[in-house]
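Shown here: input.txt, compact mmCIF, C-alpha atoms.
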# COMPACT_ATOMS: atom_id res chain seq x y z
CA MET A 580 0.00 0.00 0.00
CA PRO A 581 1.24 3.58 -0.50
CA THR A 582 3.02 4.82 2.58
CA PRO A 583 3.69 8.24 4.09
CA ARG A 584 7.06 9.75 3.25
CA ILE A 585 9.30 8.95 6.19
CA ALA A 586 12.82 9.92 7.05
CA ASP A 587 15.61 7.47 6.37
CA PRO A 588 16.90 6.23 9.74
CA THR A 589 20.34 5.70 8.21
CA ALA A 590 20.67 9.42 7.54
CA ALA A 591 22.39 11.86 9.86
CA ASP A 592 19.22 13.33 11.33
CA PRO A 593 17.06 10.94 13.35
CA ALA A 594 13.52 10.26 12.15
CA PRO A 595 10.85 12.17 14.06
CA ALA A 596 8.78 10.27 16.59
CA THR A 597 5.59 11.07 14.68
CA ALA A 598 6.89 9.22 11.60
CA ASP A 599 7.77 6.23 13.78
CA ARG A 600 4.28 6.16 15.27
CA THR A 601 2.71 6.47 11.81
CA ALA A 602 4.78 3.58 10.48
CA ARG A 603 3.99 1.32 13.42
CA LEU A 604 0.31 2.16 13.13
CA ALA A 605 0.38 1.28 9.42
CA VAL A 606 1.83 -2.20 9.93
CA THR A 607 -0.41 -2.89 12.93
CA VAL A 608 -3.80 -1.70 11.74
CA PHE A 609 -3.49 -2.80 8.10
CA PRO A 610 -3.18 -6.58 8.77
CA LEU A 611 -6.05 -6.39 11.27
CA LEU A 612 -8.21 -4.63 8.68
CA VAL A 613 -7.37 -7.26 6.06
CA VAL A 614 -8.08 -10.11 8.49
CA ALA A 615 -11.45 -8.56 9.33
CA ALA A 616 -12.30 -8.18 5.63
CA GLY A 617 -11.33 -11.79 4.97
CA GLY A 618 -13.48 -12.92 7.88
CA VAL A 619 -16.50 -11.10 6.48
CA GLY A 620 -15.93 -12.63 3.05
CA LEU A 621 -15.65 -16.09 4.58
CA ALA A 622 -18.69 -15.72 6.84
CA ALA A 623 -21.05 -14.24 4.25
CA PRO A 624 -19.74 -15.02 0.76
CA SER A 625 -23.17 -14.83 -0.88
CA HIS A 626 -23.38 -11.11 -0.12
CA PHE A 627 -20.48 -10.40 -2.49
CA THR A 628 -21.44 -12.57 -5.44
CA GLY A 629 -20.66 -10.76 -8.67
CA TRP A 630 -18.08 -8.38 -7.18
CA ALA A 631 -15.12 -10.05 -8.93
CA PRO A 632 -15.14 -7.70 -11.98
CA ALA A 633 -14.37 -4.81 -9.61
CA VAL A 634 -11.01 -6.31 -8.60
CA PRO A 635 -8.89 -4.78 -11.45
CA TRP A 636 -10.48 -1.38 -10.89
CA LEU A 637 -9.76 -1.49 -7.17
CA LEU A 638 -6.16 -2.45 -7.87
CA GLY A 639 -5.94 0.49 -10.26
CA VAL A 640 -6.96 2.79 -7.41
CA VAL A 641 -4.18 1.38 -5.22
CA MET A 642 -1.61 1.80 -7.98
CA PHE A 643 -2.77 5.36 -8.74
CA THR A 644 -2.29 6.33 -5.09
CA MET A 645 1.17 4.80 -5.23
CA GLY A 646 1.95 6.99 -8.24
CA LEU A 647 0.79 10.05 -6.31
CA THR A 648 3.47 9.39 -3.68
CA LEU A 649 6.32 9.34 -6.23
CA THR A 650 8.57 12.35 -6.70
CA GLY A 651 11.49 13.26 -8.91
CA ASP A 652 13.81 12.40 -6.04
CA ASP A 653 12.64 8.77 -6.18
CA PHE A 654 13.72 8.44 -9.81
CA ARG A 655 16.98 10.32 -9.24
CA ALA A 656 17.77 7.93 -6.38
CA VAL A 657 17.64 5.03 -8.83
CA ALA A 658 20.17 6.73 -11.11
CA LYS A 659 22.50 7.40 -8.18
CA ARG A 660 22.65 3.74 -7.09
CA PRO A 661 22.14 1.60 -10.20
CA TRP A 662 24.19 -1.31 -8.85
CA ALA A 663 22.24 -1.68 -5.59
CA VAL A 664 18.87 -1.15 -7.27
CA GLY A 665 19.74 -3.60 -10.05
CA LEU A 666 20.81 -6.19 -7.50
CA GLY A 667 17.57 -5.75 -5.57
CA LEU A 668 15.55 -6.07 -8.76
CA ALA A 669 17.39 -9.20 -9.88
CA ALA A 670 17.14 -10.79 -6.42
CA HIS A 671 13.42 -10.06 -6.26
CA TYR A 672 12.57 -11.55 -9.65
CA VAL A 673 14.85 -14.57 -9.24
CA ILE A 674 14.37 -15.59 -5.62
CA MET A 675 10.60 -15.23 -5.20
CA PRO A 676 9.48 -16.83 -8.48
CA GLY A 677 11.96 -19.68 -7.94
CA LEU A 678 10.75 -20.22 -4.39
CA GLY A 679 7.14 -20.17 -5.55
CA TRP A 680 7.78 -22.93 -8.08
CA LEU A 681 9.87 -24.97 -5.63
CA ILE A 682 7.32 -24.75 -2.79
CA ALA A 683 4.40 -25.58 -5.09
CA THR A 684 6.29 -28.61 -6.40
CA VAL A 685 7.58 -29.93 -3.07
CA LEU A 686 4.21 -29.54 -1.33
CA GLY A 687 2.39 -31.08 -4.29
CA LEU A 688 -0.16 -28.27 -4.40
CA PRO A 689 -3.25 -28.68 -6.58
CA PRO A 690 -2.85 -26.90 -9.95
CA GLU A 691 -4.93 -23.81 -9.08
CA LEU A 692 -3.13 -23.24 -5.78
CA ALA A 693 0.27 -23.96 -7.31
CA ALA A 694 -0.32 -21.39 -10.03
CA GLY A 695 -1.49 -18.91 -7.39
CA VAL A 696 1.66 -19.35 -5.27
CA ILE A 697 3.89 -18.94 -8.32
CA LEU A 698 1.98 -15.84 -9.42
CA VAL A 699 2.55 -14.26 -6.00
CA GLY A 700 6.26 -14.93 -6.45
CA CYS A 701 6.28 -13.31 -9.90
CA ALA A 702 4.56 -10.13 -8.70
CA PRO A 703 6.52 -6.91 -8.07
CA SER A 704 7.57 -5.77 -4.63
CA GLY A 705 4.94 -4.74 -2.12
CA THR A 706 5.00 -1.03 -1.28
CA ALA A 707 4.38 -1.73 2.42
CA SER A 708 8.00 -2.90 2.40
CA ASN A 709 9.05 0.75 2.59
CA VAL A 710 7.46 1.26 6.00
CA VAL A 711 8.75 -2.06 7.30
CA THR A 712 12.27 -1.19 6.13
CA TYR A 713 11.98 2.07 8.06
CA LEU A 714 10.93 0.25 11.23
CA ALA A 715 13.88 -2.13 10.81
CA ARG A 716 16.27 0.85 10.60
CA GLY A 717 17.09 -0.14 7.05
CA ASP A 718 17.92 1.80 3.90
CA VAL A 719 14.56 3.39 3.06
CA ALA A 720 15.85 5.13 -0.08
CA LEU A 721 16.98 1.80 -1.55
CA SER A 722 13.69 0.18 -0.55
CA VAL A 723 11.65 2.87 -2.34
CA SER A 724 13.86 2.64 -5.43
CA VAL A 725 13.60 -1.15 -5.75
CA ALA A 726 9.84 -1.13 -5.11
CA THR A 727 9.32 1.58 -7.75
CA VAL A 728 11.44 -0.06 -10.44
CA SER A 729 10.05 -3.55 -9.82
CA THR A 730 6.55 -2.14 -10.27
CA LEU A 731 7.42 -0.27 -13.48
CA VAL A 732 9.05 -3.33 -15.10
CA ALA A 733 6.31 -5.76 -13.98
CA PRO A 734 4.53 -5.76 -17.38
CA LEU A 735 7.73 -7.03 -18.99
CA VAL A 736 8.74 -9.50 -16.28
CA THR A 737 5.69 -10.94 -14.51
CA PRO A 738 3.87 -12.49 -17.54
CA PRO A 739 6.87 -14.38 -19.01
CA LEU A 740 7.98 -15.59 -15.59
CA THR A 741 4.48 -16.84 -14.82
CA LEU A 742 4.32 -18.55 -18.22
CA LEU A 743 7.70 -20.20 -17.65
CA LEU A 744 6.97 -21.50 -14.15
CA ALA A 745 3.20 -21.99 -13.92
CA ASP A 746 2.24 -23.17 -17.40
CA ARG A 747 2.61 -26.83 -16.44
CA PHE A 748 -0.03 -26.32 -13.73
CA LEU A 749 -2.55 -24.17 -15.63
CA ASP A 750 -2.73 -22.55 -19.05
CA VAL A 751 -1.13 -19.09 -18.93
CA ASP A 752 -1.98 -16.39 -21.48
CA ALA A 753 1.07 -14.17 -21.06
CA GLY A 754 -0.13 -11.65 -23.65
CA ALA A 755 -3.45 -11.05 -21.92
CA MET A 756 -1.68 -10.87 -18.57
CA LEU A 757 0.73 -8.23 -19.91
CA THR A 758 -2.21 -6.14 -21.13
CA ASP A 759 -3.91 -6.38 -17.73
CA ILE A 760 -0.75 -5.31 -15.88
CA LEU A 761 -0.36 -2.34 -18.21
CA LYS A 762 -3.96 -1.28 -17.54
CA THR A 763 -4.09 -1.94 -13.80
CA VAL A 764 -0.51 -1.15 -12.74
CA LEU A 765 1.67 0.82 -15.14
CA VAL A 766 -0.91 3.29 -16.48
CA PRO A 767 -2.33 4.16 -13.02
CA VAL A 768 1.15 4.51 -11.47
CA LEU A 769 2.40 6.76 -14.25
CA GLY A 770 -0.89 8.67 -14.18
CA GLY A 771 -0.53 9.29 -10.47
CA ALA A 772 3.08 10.40 -10.91
CA LEU A 773 2.07 12.85 -13.66
CA VAL A 774 -0.71 14.28 -11.48
CA ARG A 775 1.82 14.72 -8.67
CA MET A 776 4.16 16.57 -11.04
CA ALA A 777 1.40 18.81 -12.40
CA ALA A 778 -0.29 19.66 -9.10
CA GLY A 779 2.35 18.96 -6.49
CA ARG A 780 1.26 21.27 -3.69
CA ARG A 781 -2.43 20.49 -4.00
CA VAL A 782 -1.70 16.76 -4.09
CA GLY A 783 0.55 17.15 -1.05
CA ARG A 784 -2.48 18.12 1.00
CA VAL A 785 -4.10 14.73 0.53
CA LEU A 786 -1.01 12.53 0.88
CA ARG A 787 -1.78 11.73 4.51
CA ALA A 788 -5.10 10.19 3.48
CA LEU A 789 -3.60 7.91 0.82
CA PRO A 790 -2.41 5.08 3.12
CA ALA A 791 -5.88 4.80 4.64
CA LEU A 792 -7.53 4.83 1.21
CA SER A 793 -5.13 2.19 -0.06
CA ALA A 794 -5.58 0.00 3.02
CA LEU A 795 -9.37 0.11 2.70
CA THR A 796 -9.19 -0.70 -1.00
CA ILE A 797 -6.89 -3.69 -0.44
CA ALA A 798 -9.20 -4.90 2.33
CA VAL A 799 -12.10 -4.88 -0.13
CA LEU A 800 -9.92 -6.78 -2.62
CA VAL A 801 -9.25 -9.47 -0.03
CA LEU A 802 -12.95 -9.59 0.89
CA ILE A 803 -13.88 -10.25 -2.75
CA VAL A 804 -11.18 -12.86 -3.24
CA VAL A 805 -12.02 -14.74 -0.04
CA SER A 806 -15.75 -14.68 -0.70
CA GLY A 807 -15.16 -16.05 -4.19
CA SER A 808 -13.23 -19.05 -2.89
CA ALA A 809 -14.87 -19.53 0.51
CA ALA A 810 -15.84 -23.10 -0.27
CA ARG A 811 -12.22 -24.04 -0.96
CA ILE A 812 -10.73 -22.28 2.05
CA LYS A 813 -11.95 -24.83 4.59
CA ASP A 814 -10.25 -27.62 2.67
CA ALA A 815 -7.02 -25.89 1.67
CA ALA A 816 -6.38 -23.09 4.18
CA ALA A 817 -3.76 -24.96 6.22
CA LEU A 818 -1.81 -26.07 3.16
CA VAL A 819 -1.90 -22.62 1.58
CA LEU A 820 -0.85 -20.99 4.86
CA LEU A 821 2.14 -23.34 5.04
CA ALA A 822 3.11 -22.45 1.48
CA VAL A 823 2.76 -18.72 2.17
CA VAL A 824 4.78 -18.84 5.40
CA LEU A 825 7.60 -20.76 3.69
CA HIS A 826 7.53 -18.47 0.64
CA ASN A 827 7.65 -15.26 2.64
CA GLY A 828 10.09 -16.49 5.31
CA LEU A 829 12.60 -17.89 2.84
CA GLY A 830 12.26 -14.76 0.71
CA LEU A 831 13.11 -12.51 3.65
CA ALA A 832 16.11 -14.67 4.61
CA LEU A 833 17.51 -15.03 1.09
CA GLY A 834 16.96 -11.36 0.32
CA TYR A 835 18.97 -10.39 3.38
CA ALA A 836 21.65 -12.95 2.49
CA ALA A 837 21.90 -11.54 -1.05
CA GLY A 838 22.57 -8.07 0.35
CA ARG A 839 25.22 -9.35 2.75
CA LEU A 840 26.95 -11.41 0.05
CA ALA A 841 27.06 -8.30 -2.15
CA ARG A 842 28.61 -6.36 0.76
CA LEU A 843 25.85 -3.75 0.78
CA GLY A 844 25.99 -3.29 4.55
CA ARG A 845 23.36 -4.00 7.18
CA PRO A 846 20.88 -1.16 6.42
CA SER A 847 20.80 -1.96 2.70
CA SER A 848 20.65 -5.70 3.37
CA ARG A 849 17.62 -5.14 5.56
CA ALA A 850 15.98 -3.24 2.72
CA MET A 851 16.83 -6.11 0.38
CA ALA A 852 15.18 -8.59 2.75
CA PHE A 853 11.84 -6.80 2.64
CA GLU A 854 12.01 -5.93 -1.06
CA VAL A 855 12.49 -9.60 -1.87
CA GLY A 856 10.18 -11.17 0.71
CA MET A 857 7.19 -8.80 0.48
CA GLN A 858 5.05 -8.92 -2.67
CA ASN A 859 2.33 -6.92 -4.39
CA SER A 860 -0.24 -9.54 -3.44
CA GLY A 861 -3.07 -7.27 -4.58
CA LEU A 862 -1.80 -7.54 -8.16
CA ALA A 863 -1.36 -11.30 -7.79
CA ALA A 864 -4.94 -11.64 -6.51
CA SER A 865 -6.29 -9.55 -9.39
CA LEU A 866 -4.40 -11.53 -12.04
CA ALA A 867 -5.31 -14.86 -10.48
CA THR A 868 -9.00 -13.93 -10.38
CA SER A 869 -8.98 -12.69 -13.98
CA HIS A 870 -6.80 -15.37 -15.60
CA PHE A 871 -7.13 -18.48 -13.44
CA SER A 872 -9.87 -18.83 -10.82
CA PRO A 873 -10.94 -17.48 -7.41
CA ALA A 874 -9.19 -20.46 -5.80
CA ALA A 875 -5.91 -19.47 -7.45
CA ALA A 876 -6.23 -16.07 -5.79
CA LEU A 877 -6.34 -17.63 -2.31
CA PRO A 878 -2.51 -17.67 -1.82
CA ALA A 879 -2.39 -13.96 -2.65
CA ALA A 880 -5.16 -13.17 -0.17
CA ILE A 881 -3.38 -15.03 2.63
CA PHE A 882 -0.01 -13.58 1.63
CA SER A 883 -1.52 -10.07 1.86
CA VAL A 884 -2.11 -10.60 5.56
CA TRP A 885 0.88 -12.74 6.47
CA HIS A 886 3.69 -10.72 4.89
CA ASN A 887 2.64 -7.62 6.82
CA VAL A 888 2.53 -9.53 10.11
CA SER A 889 5.87 -11.26 9.52
CA GLY A 890 7.45 -8.10 8.12
CA ALA A 891 6.49 -6.09 11.19
CA ALA A 892 7.78 -8.84 13.50
CA VAL A 893 11.12 -9.16 11.69
CA ALA A 894 11.49 -5.37 11.58
CA ALA A 895 10.89 -5.14 15.33
CA TRP A 896 13.54 -7.81 15.93
CA MET A 897 16.05 -6.11 13.62
CA SER A 898 15.52 -2.72 15.24
CA ARG A 899 16.50 -4.22 18.60
CA HIS A 900 19.49 -6.18 17.29
CA PRO A 901 22.13 -3.98 15.67
CA ARG A 902 24.06 -7.09 14.52
CA PRO A 903 21.53 -9.60 13.18
Mind converting the file's structure to structure tokens?
Amino acid sequence: MPTPRIADPTAADPAPATADRTARLAVTVFPLLVVAAGGVGLAAPSHFTGWAPAVPWLLGVVMFTMGLTLTGDDFRAVAKRPWAVGLGLAAHYVIMPGLGWLIATVLGLPPELAAGVILVGCAPSGTASNVVTYLARGDVALSVSVATVSTLVAPLVTPPLTLLLADRFLDVDAGAMLTDILKTVLVPVLGGALVRMAAGRRVGRVLRALPALSALTIAVLVLIVVSGSAARIKDAAALVLLAVVLHNGLGLALGYAAGRLARLGRPSSRAMAFEVGMQNSGLAASLATSHFSPAAALPAAIFSVWHNVSGAAVAAWMSRHPRP
């Protein structure tokens, strides 16, 4: 979800206490909101029959608000650190798709669930990773750069990766998937960025409301996805949860390891951990619903909750351990 601009704790000036409270509130309230939405969808699925076509539009709203948070400094930061950003991008799109395929294969997941887990792995980085990186006292600038670039290149990377890894489980139409990502991700993000450039000060007045708007929108996405596959959840919830926990946990660990092996330092390695291990599960849910089935969107719905809970927990641990 889009996050408030927060100071980088690795910079000379310490981050203000208000930013710290805002970040902690974001990673505490958001998972609870998503859990509540999922519970409503599970308890009363018939009330949301026919809502599935709204999923791409809701995702477009989330991506537009993300674009509104982008500034010229975000793009200049990428140019200043191409090596670190490139490494984060490569680690993200190698580690998570590979883990998704491996976990789906080892656990012997049914085809729909296997495709859903792989699709989560092929999605771009989750923007909530920026706040979690901040709480972990990581390199926020690197986190924002990797999240931005991974989102912008998603139309070129996510469809072929999904085709390569998931096609043996379900038929994958990479061309149609590319078109959907362009419409629901790239166009809204670029549109939001252009609006920010054209009306910067006026947009700045509403930036504080964007995280709440995004959180509510993602909660509705989860509600729709869960209600659409409520009948399957009782049978597969434990297996999918295991897959999600392994996927996210290994992604966090391998992302951190990649940063350390590249000698990026602890703050940047912490950013790498969250940029690799946290995914844009809203996009994965939308694509799974549109191209596979509601059941295939179940891993993304569970991942949406779990990666925020685990991310906040790991960030809290890192912030208390200067030498993890």
Open item on the list: Restricting the calculation to all atoms listed in the file: of A:Ala663, A:Met675, A:Ala874, A:Ala702, which residue gets closest to A:Val725?
Closed with: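 Using all atoms listed in the file, A:Val725 sits closest to A:Ala663.
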Open item on the list: Residues proximal to (21.7, -2.5, 6.7) were defined as those with any atom within 10 Å of that point in the file's coordinates, counting all atoms listed in the file. Which are they, as a ChimeraX atom specification?
Closed with: /A:589,712,715-719,835,838-839,842-852,897,901-903
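Counting all atoms listed in the file and comparing A:Leu761, A:Leu668, A:Ala836, A:Ala707, the residue that lies closest to A:Val728 is A:Leu668.
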TODO: Would you list the contacts of A:Met857 as a ChimeraX atom specification, taking every protein, DNA or RNA residue within 6 Å and counting all atoms listed in the file, but skipping same-chain residues closer than 3 positions in sequence?
DONE: /A:704-705,853-854,886
Task: Residue with smallest distance to A:Leu678 - pool A:Arg899, A:His870, A:His826, A:Lys762, counting only C-alpha atoms - done: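 Using only C-alpha atoms, A:Leu678 sits closest to A:His826.
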TODO: Would you mind reading off the distance between atom CA of A:Ala623 and atom CA of A:Leu795, one decimal, in Å?
DONE: 18.6 Å
TODO: Name the residues in contact with A:Gly695 at a cut-off of 7 Å, using all atoms listed in the file, excluding same-chain residues fewer than 3 positions from it; report them as a ChimeraX atom specification.
DONE: /A:691-692,698-699,867,875-876,878-879
Write out the residues from the selection above, keeping C-alpha atoms, as a PDB file, keeping the file's coordinate frame.
ATOM      1  CA  GLU A 691      -4.930 -23.810  -9.080  1.00  0.00           C
ATOM      2  CA  LEU A 692      -3.130 -23.240  -5.780  1.00  0.00           C
ATOM      3  CA  LEU A 698       1.980 -15.840  -9.420  1.00  0.00           C
ATOM      4  CA  VAL A 699       2.550 -14.260  -6.000  1.00  0.00           C
ATOM      5  CA  ALA A 867      -5.310 -14.860 -10.480  1.00  0.00           C
ATOM      6  CA  ALA A 875      -5.910 -19.470  -7.450  1.00  0.00           C
ATOM      7  CA  ALA A 876      -6.230 -16.070  -5.790  1.00  0.00           C
ATOM      8  CA  PRO A 878      -2.510 -17.670  -1.820  1.00  0.00           C
ATOM      9  CA  ALA A 879      -2.390 -13.960  -2.650  1.00  0.00           C
TER      10      ALA A 879
END
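With all atoms listed in the file as the atoms that count, the minimum distance from A:Asp750 to the choices A:Ala778, A:Ala694, A:Ala616, A:Leu818 is reached by A:Ala694.
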Open item on the list: For a quick check of understanding, using all atoms listed in the file, which of A:Ser729, A:Ser808, A:Asn827, A:Thr763 has the smallest distance to A:Leu621?
Closed with: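 Once distances to A:Leu621 are computed over all atoms listed in the file, the minimum belongs to A:Ser808.
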Taking 3 positions as the minimum chain separation for residues in the same chain, which residues sit within 9 Å of stretch 632-639 of chain A when counting only C-alpha atoms? Answer as an mmCIF file with C-alpha atoms, keeping the file's coordinate frame.
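For reference, part.cif as written:
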data_model
loop_
_atom_site.group_PDB
_atom_site.id
_atom_site.type_symbol
_atom_site.label_atom_id
_atom_site.label_comp_id
_atom_site.auth_asym_id
_atom_site.auth_seq_id
_atom_site.Cartn_x
_atom_site.Cartn_y
_atom_site.Cartn_z
ATOM 1 C CA GLY A 629 -20.660 -10.760 -8.670
ATOM 2 C CA MET A 642 -1.610 1.800 -7.980
ATOM 3 C CA PHE A 643 -2.770 5.360 -8.740
ATOM 4 C CA THR A 644 -2.290 6.330 -5.090
ATOM 5 C CA ASP A 759 -3.910 -6.380 -17.730
ATOM 6 C CA LYS A 762 -3.960 -1.280 -17.540
ATOM 7 C CA THR A 763 -4.090 -1.940 -13.800
ATOM 8 C CA VAL A 764 -0.510 -1.150 -12.740
ATOM 9 C CA VAL A 766 -0.910 3.290 -16.480
ATOM 10 C CA PRO A 767 -2.330 4.160 -13.020
ATOM 11 C CA VAL A 768 1.150 4.510 -11.470
ATOM 12 C CA THR A 796 -9.190 -0.700 -1.000
ATOM 13 C CA ILE A 797 -6.890 -3.690 -0.440
ATOM 14 C CA VAL A 799 -12.100 -4.880 -0.130
ATOM 15 C CA LEU A 800 -9.920 -6.780 -2.620
ATOM 16 C CA ILE A 803 -13.880 -10.250 -2.750
ATOM 17 C CA VAL A 804 -11.180 -12.860 -3.240
ATOM 18 C CA GLY A 861 -3.070 -7.270 -4.580
ATOM 19 C CA LEU A 862 -1.800 -7.540 -8.160
ATOM 20 C CA ALA A 864 -4.940 -11.640 -6.510
ATOM 21 C CA SER A 865 -6.290 -9.550 -9.390
ATOM 22 C CA LEU A 866 -4.400 -11.530 -12.040
ATOM 23 C CA THR A 868 -9.000 -13.930 -10.380
ATOM 24 C CA SER A 869 -8.980 -12.690 -13.980
#
Open item on the list: Please determine, counting all atoms listed in the file, which residue among A:Ser793, A:Thr648, A:Ser889, A:Thr737 has the shortest atom-to-atom distance to A:Ala772.
Closed with: A:Thr648
- [ ] Give me, please, the distance in Å between atom CA of A:Gly834 and atom CA of A:Val855, quoted to one decimal.
- [x]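 Atom CA of A:Val855 lies at a distance of 5.3 Å from atom CA of A:Gly834.
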Padded axis-aligned box of stretch 831-850 of chain A (8 Å per side), centre and edge lengths, Å, one decimal, as JSON:
{"center_x": 20.9, "center_y": -8.1, "center_z": 2.5, "size_x": 31.5, "size_y": 29.9, "size_z": 25.3}
TODO: Pick out the residues sitting within 8 Å of A:Thr650, and hand them over as number ranges by chain; count all atoms listed in the file, and ignore anything fewer than 4 positions along from it in its own chain.
DONE: A: 654, 772, 775-776
TODO: State, in Å with one decimal place, the distance from atom CA of A:Asn709 to atom CA of A:Gly617.
DONE: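 About the pair atom CA of A:Asn709 and atom CA of A:Gly617: they are 24.0 Å apart.
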- [ ] Up to 7 Å from (3.3, -8.5, -17.2) in the file's coordinates: name the residues, counting all atoms listed in the file, as a PyMOL selection string.
- [x] chain A and resi 733-738+756-757+760
Task: Residues within 12 Å of A:Arg655, all atoms listed in the file, excluding chain neighbours under 2 positions, as a PyMOL selection string - done: chain A and resi 649-653+657-661+664+720-721+723-724+727-728
Render stretch 761-785 of chain A from the structure in the preceding block as a file of C-alpha atoms, as a PDB file, in the first residue's frame.
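As written to disk, decode29.pdb reads:
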ATOM      1  CA  LEU A 761      -0.360  -2.343 -18.206  1.00  0.00           C
ATOM      2  CA  LYS A 762      -3.957  -1.279 -17.537  1.00  0.00           C
ATOM      3  CA  THR A 763      -4.091  -1.938 -13.805  1.00  0.00           C
ATOM      4  CA  VAL A 764      -0.515  -1.147 -12.743  1.00  0.00           C
ATOM      5  CA  LEU A 765       1.668   0.817 -15.136  1.00  0.00           C
ATOM      6  CA  VAL A 766      -0.912   3.286 -16.484  1.00  0.00           C
ATOM      7  CA  PRO A 767      -2.329   4.164 -13.019  1.00  0.00           C
ATOM      8  CA  VAL A 768       1.148   4.506 -11.473  1.00  0.00           C
ATOM      9  CA  LEU A 769       2.399   6.756 -14.253  1.00  0.00           C
ATOM     10  CA  GLY A 770      -0.892   8.666 -14.178  1.00  0.00           C
ATOM     11  CA  GLY A 771      -0.525   9.291 -10.466  1.00  0.00           C
ATOM     12  CA  ALA A 772       3.079  10.402 -10.913  1.00  0.00           C
ATOM     13  CA  LEU A 773       2.068  12.853 -13.658  1.00  0.00           C
ATOM     14  CA  VAL A 774      -0.710  14.278 -11.476  1.00  0.00           C
ATOM     15  CA  ARG A 775       1.818  14.723  -8.669  1.00  0.00           C
ATOM     16  CA  MET A 776       4.160  16.572 -11.043  1.00  0.00           C
ATOM     17  CA  ALA A 777       1.400  18.814 -12.402  1.00  0.00           C
ATOM     18  CA  ALA A 778      -0.291  19.656  -9.099  1.00  0.00           C
ATOM     19  CA  GLY A 779       2.347  18.961  -6.486  1.00  0.00           C
ATOM     20  CA  ARG A 780       1.256  21.269  -3.689  1.00  0.00           C
ATOM     21  CA  ARG A 781      -2.434  20.490  -3.997  1.00  0.00           C
ATOM     22  CA  VAL A 782      -1.705  16.758  -4.085  1.00  0.00           C
ATOM     23  CA  GLY A 783       0.546  17.150  -1.047  1.00  0.00           C
ATOM     24  CA  ARG A 784      -2.477  18.123   1.004  1.00  0.00           C
ATOM     25  CA  VAL A 785      -4.103  14.728   0.535  1.00  0.00           C
TER      26      VAL A 785
END
